[in-house]
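> mmCIF, C-alpha atoms and all ligand atoms, saved as target_26.cif, coming up:
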data_data
#
loop_
_atom_site.label_atom_id
_atom_site.label_comp_id
_atom_site.auth_asym_id
_atom_site.auth_seq_id
_atom_site.Cartn_x
_atom_site.Cartn_y
_atom_site.Cartn_z
CA MET H 1 78.84 124.47 74.37
CA ALA H 2 81.54 124.69 77.01
CA THR H 3 80.38 125.42 80.49
CA THR H 4 82.19 127.04 83.36
CA THR H 5 82.23 123.70 85.19
CA GLU H 6 84.11 121.90 82.42
CA SER H 7 86.89 120.05 84.18
CA LYS H 8 90.52 120.15 83.32
CA LEU H 9 93.23 117.97 84.75
CA PRO H 10 95.16 119.77 87.50
CA SER H 11 98.96 119.65 87.40
CA ARG H 12 100.94 116.87 88.99
CA ASP H 13 102.30 119.37 91.53
CA ASP H 14 98.73 120.19 92.58
CA ALA H 15 97.85 116.50 92.82
CA LEU H 16 100.95 115.76 94.89
CA ALA H 17 100.23 118.68 97.22
CA LEU H 18 96.71 117.30 97.71
CA LEU H 19 98.11 113.83 98.42
CA ASP H 20 100.58 115.22 100.95
CA GLU H 21 97.80 117.15 102.66
CA TRP H 22 95.64 114.04 103.09
CA VAL H 23 98.13 111.20 103.46
CA GLN H 24 100.39 110.99 106.50
CA ALA H 25 101.41 107.32 106.42
CA ASP H 26 104.67 106.67 104.56
CA SER H 27 103.52 103.25 103.41
CA LEU H 28 100.34 104.63 101.83
CA ARG H 29 102.22 107.50 100.18
CA ARG H 30 104.67 105.03 98.67
CA HIS H 31 101.81 102.86 97.46
CA CYS H 32 100.23 105.88 95.72
CA LEU H 33 103.53 106.84 94.05
CA ALA H 34 104.04 103.24 92.95
CA VAL H 35 100.57 102.97 91.43
CA GLU H 36 101.11 106.30 89.67
CA ALA H 37 104.35 105.03 88.10
CA ALA H 38 102.73 101.75 87.05
CA MET H 39 99.75 103.61 85.55
CA ARG H 40 102.02 105.95 83.59
CA ALA H 41 103.80 102.92 82.15
CA GLN H 42 100.48 101.30 81.24
CA ALA H 43 99.28 104.52 79.58
CA ARG H 44 102.42 104.65 77.44
CA GLU H 45 102.02 100.98 76.56
CA ARG H 46 98.34 101.28 75.68
CA GLY H 47 98.12 104.72 74.17
CA GLY H 48 96.31 106.23 77.15
CA ASP H 49 96.62 109.81 78.37
CA GLU H 50 99.68 109.51 80.61
CA GLU H 51 98.85 112.45 82.89
CA LEU H 52 95.26 111.33 83.37
CA TRP H 53 96.21 107.71 84.08
CA GLY H 54 99.14 108.74 86.29
CA LEU H 55 97.13 111.13 88.45
CA THR H 56 94.34 108.57 88.78
CA GLY H 57 96.92 106.17 90.18
CA LEU H 58 98.43 108.82 92.42
CA LEU H 59 95.07 109.83 93.94
CA HIS H 60 93.08 106.58 93.97
CA ASP H 61 93.66 106.03 97.71
CA LEU H 62 93.69 109.70 98.68
CA ASP H 63 91.25 109.29 101.57
CA TYR H 64 92.39 105.93 102.93
CA ASP H 65 94.43 107.44 105.75
CA ARG H 66 91.58 109.63 106.95
CA TYR H 67 88.57 107.47 106.10
CA PRO H 68 89.56 103.80 105.79
CA ASP H 69 86.10 102.37 106.46
CA PRO H 70 84.74 100.73 103.29
CA GLN H 71 81.17 101.06 104.57
CA THR H 72 81.20 104.82 104.92
CA GLY H 73 84.58 106.16 103.78
CA HIS H 74 87.20 105.24 101.18
CA PRO H 75 87.00 106.15 98.33
CA ARG H 76 83.82 108.26 98.66
CA MET H 77 85.52 111.19 100.42
CA ALA H 78 88.30 111.22 97.83
CA MET H 79 85.73 111.30 95.02
CA ALA H 80 83.86 114.20 96.62
CA GLU H 81 87.07 116.15 97.16
CA LEU H 82 88.30 115.52 93.63
CA GLU H 83 84.95 116.61 92.22
CA ARG H 84 85.04 119.76 94.34
CA ARG H 85 88.49 120.52 92.96
CA GLY H 86 87.35 120.06 89.37
CA TYR H 87 89.13 116.82 88.52
CA PRO H 88 87.79 115.22 85.33
CA PRO H 89 85.00 112.62 85.55
CA GLU H 90 87.15 109.89 83.95
CA LEU H 91 89.57 110.17 86.87
CA ILE H 92 86.83 110.20 89.50
CA ARG H 93 85.10 107.22 87.90
CA GLY H 94 88.46 105.43 87.84
CA VAL H 95 88.81 106.01 91.58
CA ALA H 96 85.28 104.71 92.16
CA SER H 97 85.80 101.61 90.03
CA HIS H 98 88.83 100.36 91.97
CA ALA H 99 86.64 99.75 95.02
CA ASP H 100 84.68 96.61 94.11
CA TYR H 101 82.12 97.25 96.85
CA LEU H 102 80.88 100.46 95.21
CA GLY H 103 79.63 98.39 92.29
CA VAL H 104 80.96 100.70 89.57
CA PRO H 105 81.86 98.36 86.70
CA ARG H 106 85.31 98.67 85.20
CA GLU H 107 84.85 99.60 81.56
CA SER H 108 87.63 101.86 80.29
CA GLU H 109 91.20 100.73 79.76
CA LEU H 110 92.20 103.14 82.51
CA GLU H 111 89.84 101.45 84.97
CA LEU H 112 91.02 97.97 83.99
CA ALA H 113 94.67 99.00 84.24
CA LEU H 114 94.18 100.52 87.69
CA ALA H 115 92.60 97.33 89.00
CA ALA H 116 95.38 95.27 87.43
CA VAL H 117 98.29 97.20 88.94
CA ASP H 118 96.88 98.35 92.28
CA GLU H 119 97.29 95.19 94.36
CA LEU H 120 100.25 94.01 92.27
CA CYS H 121 102.25 97.16 93.14
CA GLY H 122 101.86 96.34 96.83
CA PHE H 123 103.00 92.79 96.25
CA VAL H 124 106.00 93.74 94.12
CA LEU H 125 107.12 96.22 96.78
CA ALA H 126 106.74 93.53 99.44
CA CYS H 127 108.93 91.17 97.37
CA ALA H 128 111.53 93.88 96.82
CA TYR H 129 111.51 94.91 100.45
CA VAL H 130 112.94 91.62 101.67
CA ARG H 131 115.77 91.39 99.10
CA PRO H 132 119.23 92.88 99.73
CA GLU H 133 119.17 94.17 96.13
CA GLY H 134 115.75 95.68 96.66
CA ILE H 135 113.76 95.88 93.44
CA HIS H 136 116.84 95.66 91.23
CA GLY H 137 116.92 92.38 89.34
CA LEU H 138 113.55 91.22 90.70
CA SER H 139 112.17 88.77 88.13
CA ALA H 140 108.59 87.85 87.30
CA LYS H 141 109.49 84.27 88.18
CA SER H 142 110.50 85.15 91.71
CA VAL H 143 107.39 87.32 92.19
CA ARG H 144 105.25 84.39 91.02
CA LYS H 145 107.02 82.08 93.46
CA LYS H 146 106.16 84.44 96.32
CA LEU H 147 102.57 84.64 95.11
CA LYS H 148 102.35 80.88 95.69
CA GLN H 149 103.47 81.25 99.31
CA PRO H 150 100.28 82.13 101.19
CA SER H 151 102.19 83.25 104.29
CA PHE H 152 104.18 85.89 102.38
CA ALA H 153 102.46 89.33 102.40
CA ALA H 154 99.37 87.37 103.41
CA ALA H 155 97.10 90.43 103.32
CA VAL H 156 97.56 90.80 99.56
CA ASN H 157 94.69 89.24 97.69
CA ARG H 158 96.10 86.84 95.07
CA GLU H 159 92.77 86.45 93.33
CA ASP H 160 92.52 90.20 92.73
CA ILE H 161 95.96 90.16 91.17
CA ALA H 162 95.14 87.28 88.83
CA ARG H 163 91.72 88.69 87.93
CA GLY H 164 93.13 92.16 87.27
CA ALA H 165 95.64 90.85 84.75
CA ALA H 166 93.07 88.62 83.06
CA GLU H 167 90.51 91.41 82.73
CA LEU H 168 93.14 93.73 81.27
CA GLY H 169 94.00 90.93 78.84
CA VAL H 170 97.67 90.73 79.68
CA GLU H 171 99.89 87.79 80.59
CA HIS H 172 100.68 87.64 84.28
CA ASP H 173 104.47 87.66 83.77
CA GLU H 174 104.27 90.50 81.30
CA LEU H 175 102.34 92.64 83.75
CA ILE H 176 104.69 91.81 86.64
CA THR H 177 107.70 92.71 84.49
CA ALA H 178 106.05 95.96 83.41
CA VAL H 179 105.29 96.91 87.03
CA VAL H 180 108.82 96.09 88.22
CA SER H 181 110.29 98.18 85.38
CA ALA H 182 107.96 101.06 86.20
CA LEU H 183 108.87 101.05 89.90
CA GLU H 184 112.61 100.53 89.55
CA PRO H 185 113.47 104.17 88.72
CA LEU H 186 111.73 105.18 91.97
CA ALA H 187 113.48 102.51 94.03
CA ASP H 188 114.99 104.82 96.64
CA GLU H 189 111.84 106.90 97.05
CA LEU H 190 109.79 103.73 97.45
CA GLY H 191 112.19 102.31 100.04
CA VAL H 192 113.30 99.42 97.81
CA GLY H 193 116.69 100.68 96.67
CA THR H 194 119.99 99.09 97.55
CA ALA H 195 120.25 100.87 100.89
CA TRP H 196 119.46 97.70 102.81
CA ARG H 197 120.29 99.26 106.17
CA ASN H 198 117.74 102.03 105.55
CA ARG H 199 115.13 99.45 104.63
CA VAL H 200 115.75 97.49 107.79
CA ASP H 201 115.39 100.71 109.80
CA ASP H 202 112.21 101.51 107.89
CA ALA H 203 110.84 98.06 108.59
CA THR H 204 111.52 98.42 112.30
CA ARG H 205 109.85 101.81 112.38
CA GLU H 206 106.84 100.64 110.36
CA ALA H 207 106.44 97.56 112.53
CA ALA H 208 106.10 99.82 115.56
CA ARG H 209 103.32 101.85 113.99
CA PRO H 210 99.68 100.76 114.24
CA GLU H 211 98.27 99.90 110.83
CA PRO H 212 94.82 99.47 109.39
CA ALA H 213 93.63 95.87 109.50
CA SER H 214 94.28 95.43 105.80
CA GLY H 215 97.99 94.96 106.45
CA ARG H 216 101.08 96.92 105.61
CA PHE H 217 101.52 95.79 102.05
CA ALA H 218 97.92 95.32 101.10
CA SER H 219 96.49 97.84 98.76
CA PRO H 220 93.66 99.80 100.32
FE FE H 301 95.50 101.09 96.19
FE FE H 302 91.74 101.71 97.52
#
Would you kindly transcribe this structure into structure tokens?
Ligand SMILES: [Fe+2]
Ligand SMILES: [Fe+2]

Amino acid sequence: MATTTESKLPSRDDALALLDEWVQADSLRRHCLAVEAAMRAQARERGGDEELWGLTGLLHDLDYDRYPDPQTGHPRMAMAELERRGYPPELIRGVASHADYLGVPRESELELALAAVDELCGFVLACAYVRPEGIHGLSAKSVRKKLKQPSFAAAVNREDIARGAAELGVEHDELITAVVSALEPLADELGVGTAWRNRVDDATREAARPEPASGRFASP
């Protein structure tokens, strides 16, 4: 029997308004949009519910700006807020499962996909950020080469990236290519389009802004 508390997925406009209310940092907002795009692509590839997967990606770091502390904050406040707003349990569990330290095992394809693309999105954006062409023409081979350089985007955890792909059961190159293709249509919005001058200005501005210890390109 249906109950009055049965949850229904809010619209993307509602989810984006919530994100904009909670997230002030440009870099975090871009990360959330990137993970959404990558999750939508994975849902299409794997027969998942695209809206559900996409909004899980969009909102997974909702509270990182306000409550970055893993001991007491992120992603607990996001989960509580999403529950209060009637988001479905699969989405809230997905958000919980991306934070290893909460100990919620990743079981569904959605949860495995989120873990696989989360950190990788940050790394792909970092690779694209330093190229004059931005994300356009970025190959899996060149992303892999950067992964082998420990000093490049050093805050990004390489082990998480490798483990995420393995647990999702997808070849590393295939996943990198899928993420690049998913992010490319959003290039300008993500700051990795061909407007090199804008990116340099962005980089200067971002460098001047204090950041959480996890680093600019690391996924929260
Ligand atoms: Fe993230
Ligand atoms: Fe996170």
> Tell me, in Å to one decimal, how far atom CA of H:Ala182 is from atom CA of H:Leu59.
17.4 Å
> If I take atom CA of H:Met79 and atom CA of H:Arg93, how far is one from the other in Å, to one decimal?
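Atom CA of H:Met79 sits 8.2 Å away from atom CA of H:Arg93.
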> Work out how far atom CA of H:Val117 is from atom CA of H:Arg163, in Å to one decimal.
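According to the coordinates, atom CA of H:Arg163 and atom CA of H:Val117 are separated by 10.8 Å.
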> Measuring atom to atom with all atoms listed in the file, identify which of H:Leu91, H:Val192, H:Leu62, H:Ala165 is nearest to ligand FE 302 (chain H).
H:Leu62
> Using all atoms listed in the file, find each residue of chain H with at least one atom at most 9 Å away from an atom of ligand FE 302 (chain H); report its shortest atom-to-atom pair and that distance in Å (one decimal), sort the rows by chain and rising residue number, and return the result as a Markdown table.

| residue | atom | partner | partner_atom | distance |
| --- | --- | --- | --- | --- |
| H:His60 | CA | H:FE302 | FE | 6.2 |
| H:Asp61 | CA | H:FE302 | FE | 4.7 |
| H:Leu62 | CA | H:FE302 | FE | 8.3 |
| H:Asp63 | CA | H:FE302 | FE | 8.6 |
| H:Tyr64 | CA | H:FE302 | FE | 6.9 |
| H:Pro68 | CA | H:FE302 | FE | 8.8 |
| H:His74 | CA | H:FE302 | FE | 6.8 |
| H:Pro75 | CA | H:FE302 | FE | 6.5 |
| H:Val95 | CA | H:FE302 | FE | 7.9 |
| H:Ala96 | CA | H:FE302 | FE | 8.9 |
| H:His98 | CA | H:FE302 | FE | 6.4 |
| H:Ala99 | CA | H:FE302 | FE | 6.0 |
| H:Asp118 | CA | H:FE302 | FE | 8.1 |
| H:Ser219 | CA | H:FE302 | FE | 6.3 |
| H:Pro220 | CA | H:FE302 | FE | 3.9 |
> Using all atoms listed in the file, which residue out of H:Arg12, H:Arg44, H:Arg106, H:His31 lies closest to ligand FE 301 (chain H)?
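Nearest to ligand FE 301 (chain H): H:His31.
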> Got a minute to add N, CA and C atoms to stretch 176-192 of chain H and dump it as a PDB file, in the coordinates of the input?

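The resulting file, part29.pdb, is reproduced below:
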ATOM      1  N   ILE H 176     103.733  91.711  85.517  1.00  0.00           N
ATOM      2  CA  ILE H 176     104.690  91.810  86.640  1.00  0.00           C
ATOM      3  C   ILE H 176     105.965  92.513  86.176  1.00  0.00           C
ATOM      4  N   THR H 177     106.471  92.098  85.023  1.00  0.00           N
ATOM      5  CA  THR H 177     107.700  92.710  84.490  1.00  0.00           C
ATOM      6  C   THR H 177     107.494  94.202  84.238  1.00  0.00           C
ATOM      7  N   ALA H 178     106.333  94.550  83.697  1.00  0.00           N
ATOM      8  CA  ALA H 178     106.050  95.960  83.410  1.00  0.00           C
ATOM      9  C   ALA H 178     105.993  96.769  84.709  1.00  0.00           C
ATOM     10  N   VAL H 179     105.402  96.192  85.745  1.00  0.00           N
ATOM     11  CA  VAL H 179     105.290  96.910  87.030  1.00  0.00           C
ATOM     12  C   VAL H 179     106.681  97.058  87.664  1.00  0.00           C
ATOM     13  N   VAL H 180     107.469  95.990  87.652  1.00  0.00           N
ATOM     14  CA  VAL H 180     108.820  96.090  88.220  1.00  0.00           C
ATOM     15  C   VAL H 180     109.614  97.170  87.480  1.00  0.00           C
ATOM     16  N   SER H 181     109.549  97.173  86.159  1.00  0.00           N
ATOM     17  CA  SER H 181     110.290  98.180  85.380  1.00  0.00           C
ATOM     18  C   SER H 181     109.808  99.594  85.685  1.00  0.00           C
ATOM     19  N   ALA H 182     108.514  99.733  85.914  1.00  0.00           N
ATOM     20  CA  ALA H 182     107.960 101.060  86.200  1.00  0.00           C
ATOM     21  C   ALA H 182     108.391 101.560  87.579  1.00  0.00           C
ATOM     22  N   LEU H 183     108.540 100.641  88.524  1.00  0.00           N
ATOM     23  CA  LEU H 183     108.870 101.050  89.900  1.00  0.00           C
ATOM     24  C   LEU H 183     110.373 101.217  90.120  1.00  0.00           C
ATOM     25  N   GLU H 184     111.164 100.537  89.316  1.00  0.00           N
ATOM     26  CA  GLU H 184     112.610 100.530  89.550  1.00  0.00           C
ATOM     27  C   GLU H 184     113.230 101.929  89.574  1.00  0.00           C
ATOM     28  N   PRO H 185     112.866 102.827  88.658  1.00  0.00           N
ATOM     29  CA  PRO H 185     113.470 104.170  88.720  1.00  0.00           C
ATOM     30  C   PRO H 185     113.154 104.927  90.018  1.00  0.00           C
ATOM     31  N   LEU H 186     112.113 104.512  90.718  1.00  0.00           N
ATOM     32  CA  LEU H 186     111.730 105.180  91.970  1.00  0.00           C
ATOM     33  C   LEU H 186     112.212 104.406  93.198  1.00  0.00           C
ATOM     34  N   ALA H 187     113.110 103.455  92.974  1.00  0.00           N
ATOM     35  CA  ALA H 187     113.480 102.510  94.030  1.00  0.00           C
ATOM     36  C   ALA H 187     113.766 103.183  95.375  1.00  0.00           C
ATOM     37  N   ASP H 188     114.606 104.209  95.358  1.00  0.00           N
ATOM     38  CA  ASP H 188     114.990 104.820  96.640  1.00  0.00           C
ATOM     39  C   ASP H 188     113.799 105.501  97.310  1.00  0.00           C
ATOM     40  N   GLU H 189     113.007 106.207  96.500  1.00  0.00           N
ATOM     41  CA  GLU H 189     111.840 106.900  97.050  1.00  0.00           C
ATOM     42  C   GLU H 189     110.813 105.900  97.611  1.00  0.00           C
ATOM     43  N   LEU H 190     110.755 104.736  97.003  1.00  0.00           N
ATOM     44  CA  LEU H 190     109.790 103.730  97.450  1.00  0.00           C
ATOM     45  C   LEU H 190     110.347 102.838  98.561  1.00  0.00           C
ATOM     46  N   GLY H 191     111.602 103.091  98.950  1.00  0.00           N
ATOM     47  CA  GLY H 191     112.190 102.310 100.040  1.00  0.00           C
ATOM     48  C   GLY H 191     112.640 100.933  99.604  1.00  0.00           C
ATOM     49  N   VAL H 192     112.862 100.728  98.302  1.00  0.00           N
ATOM     50  CA  VAL H 192     113.300  99.420  97.810  1.00  0.00           C
ATOM     51  C   VAL H 192     114.561  99.558  96.954  1.00  0.00           C
TER      52      VAL H 192
END
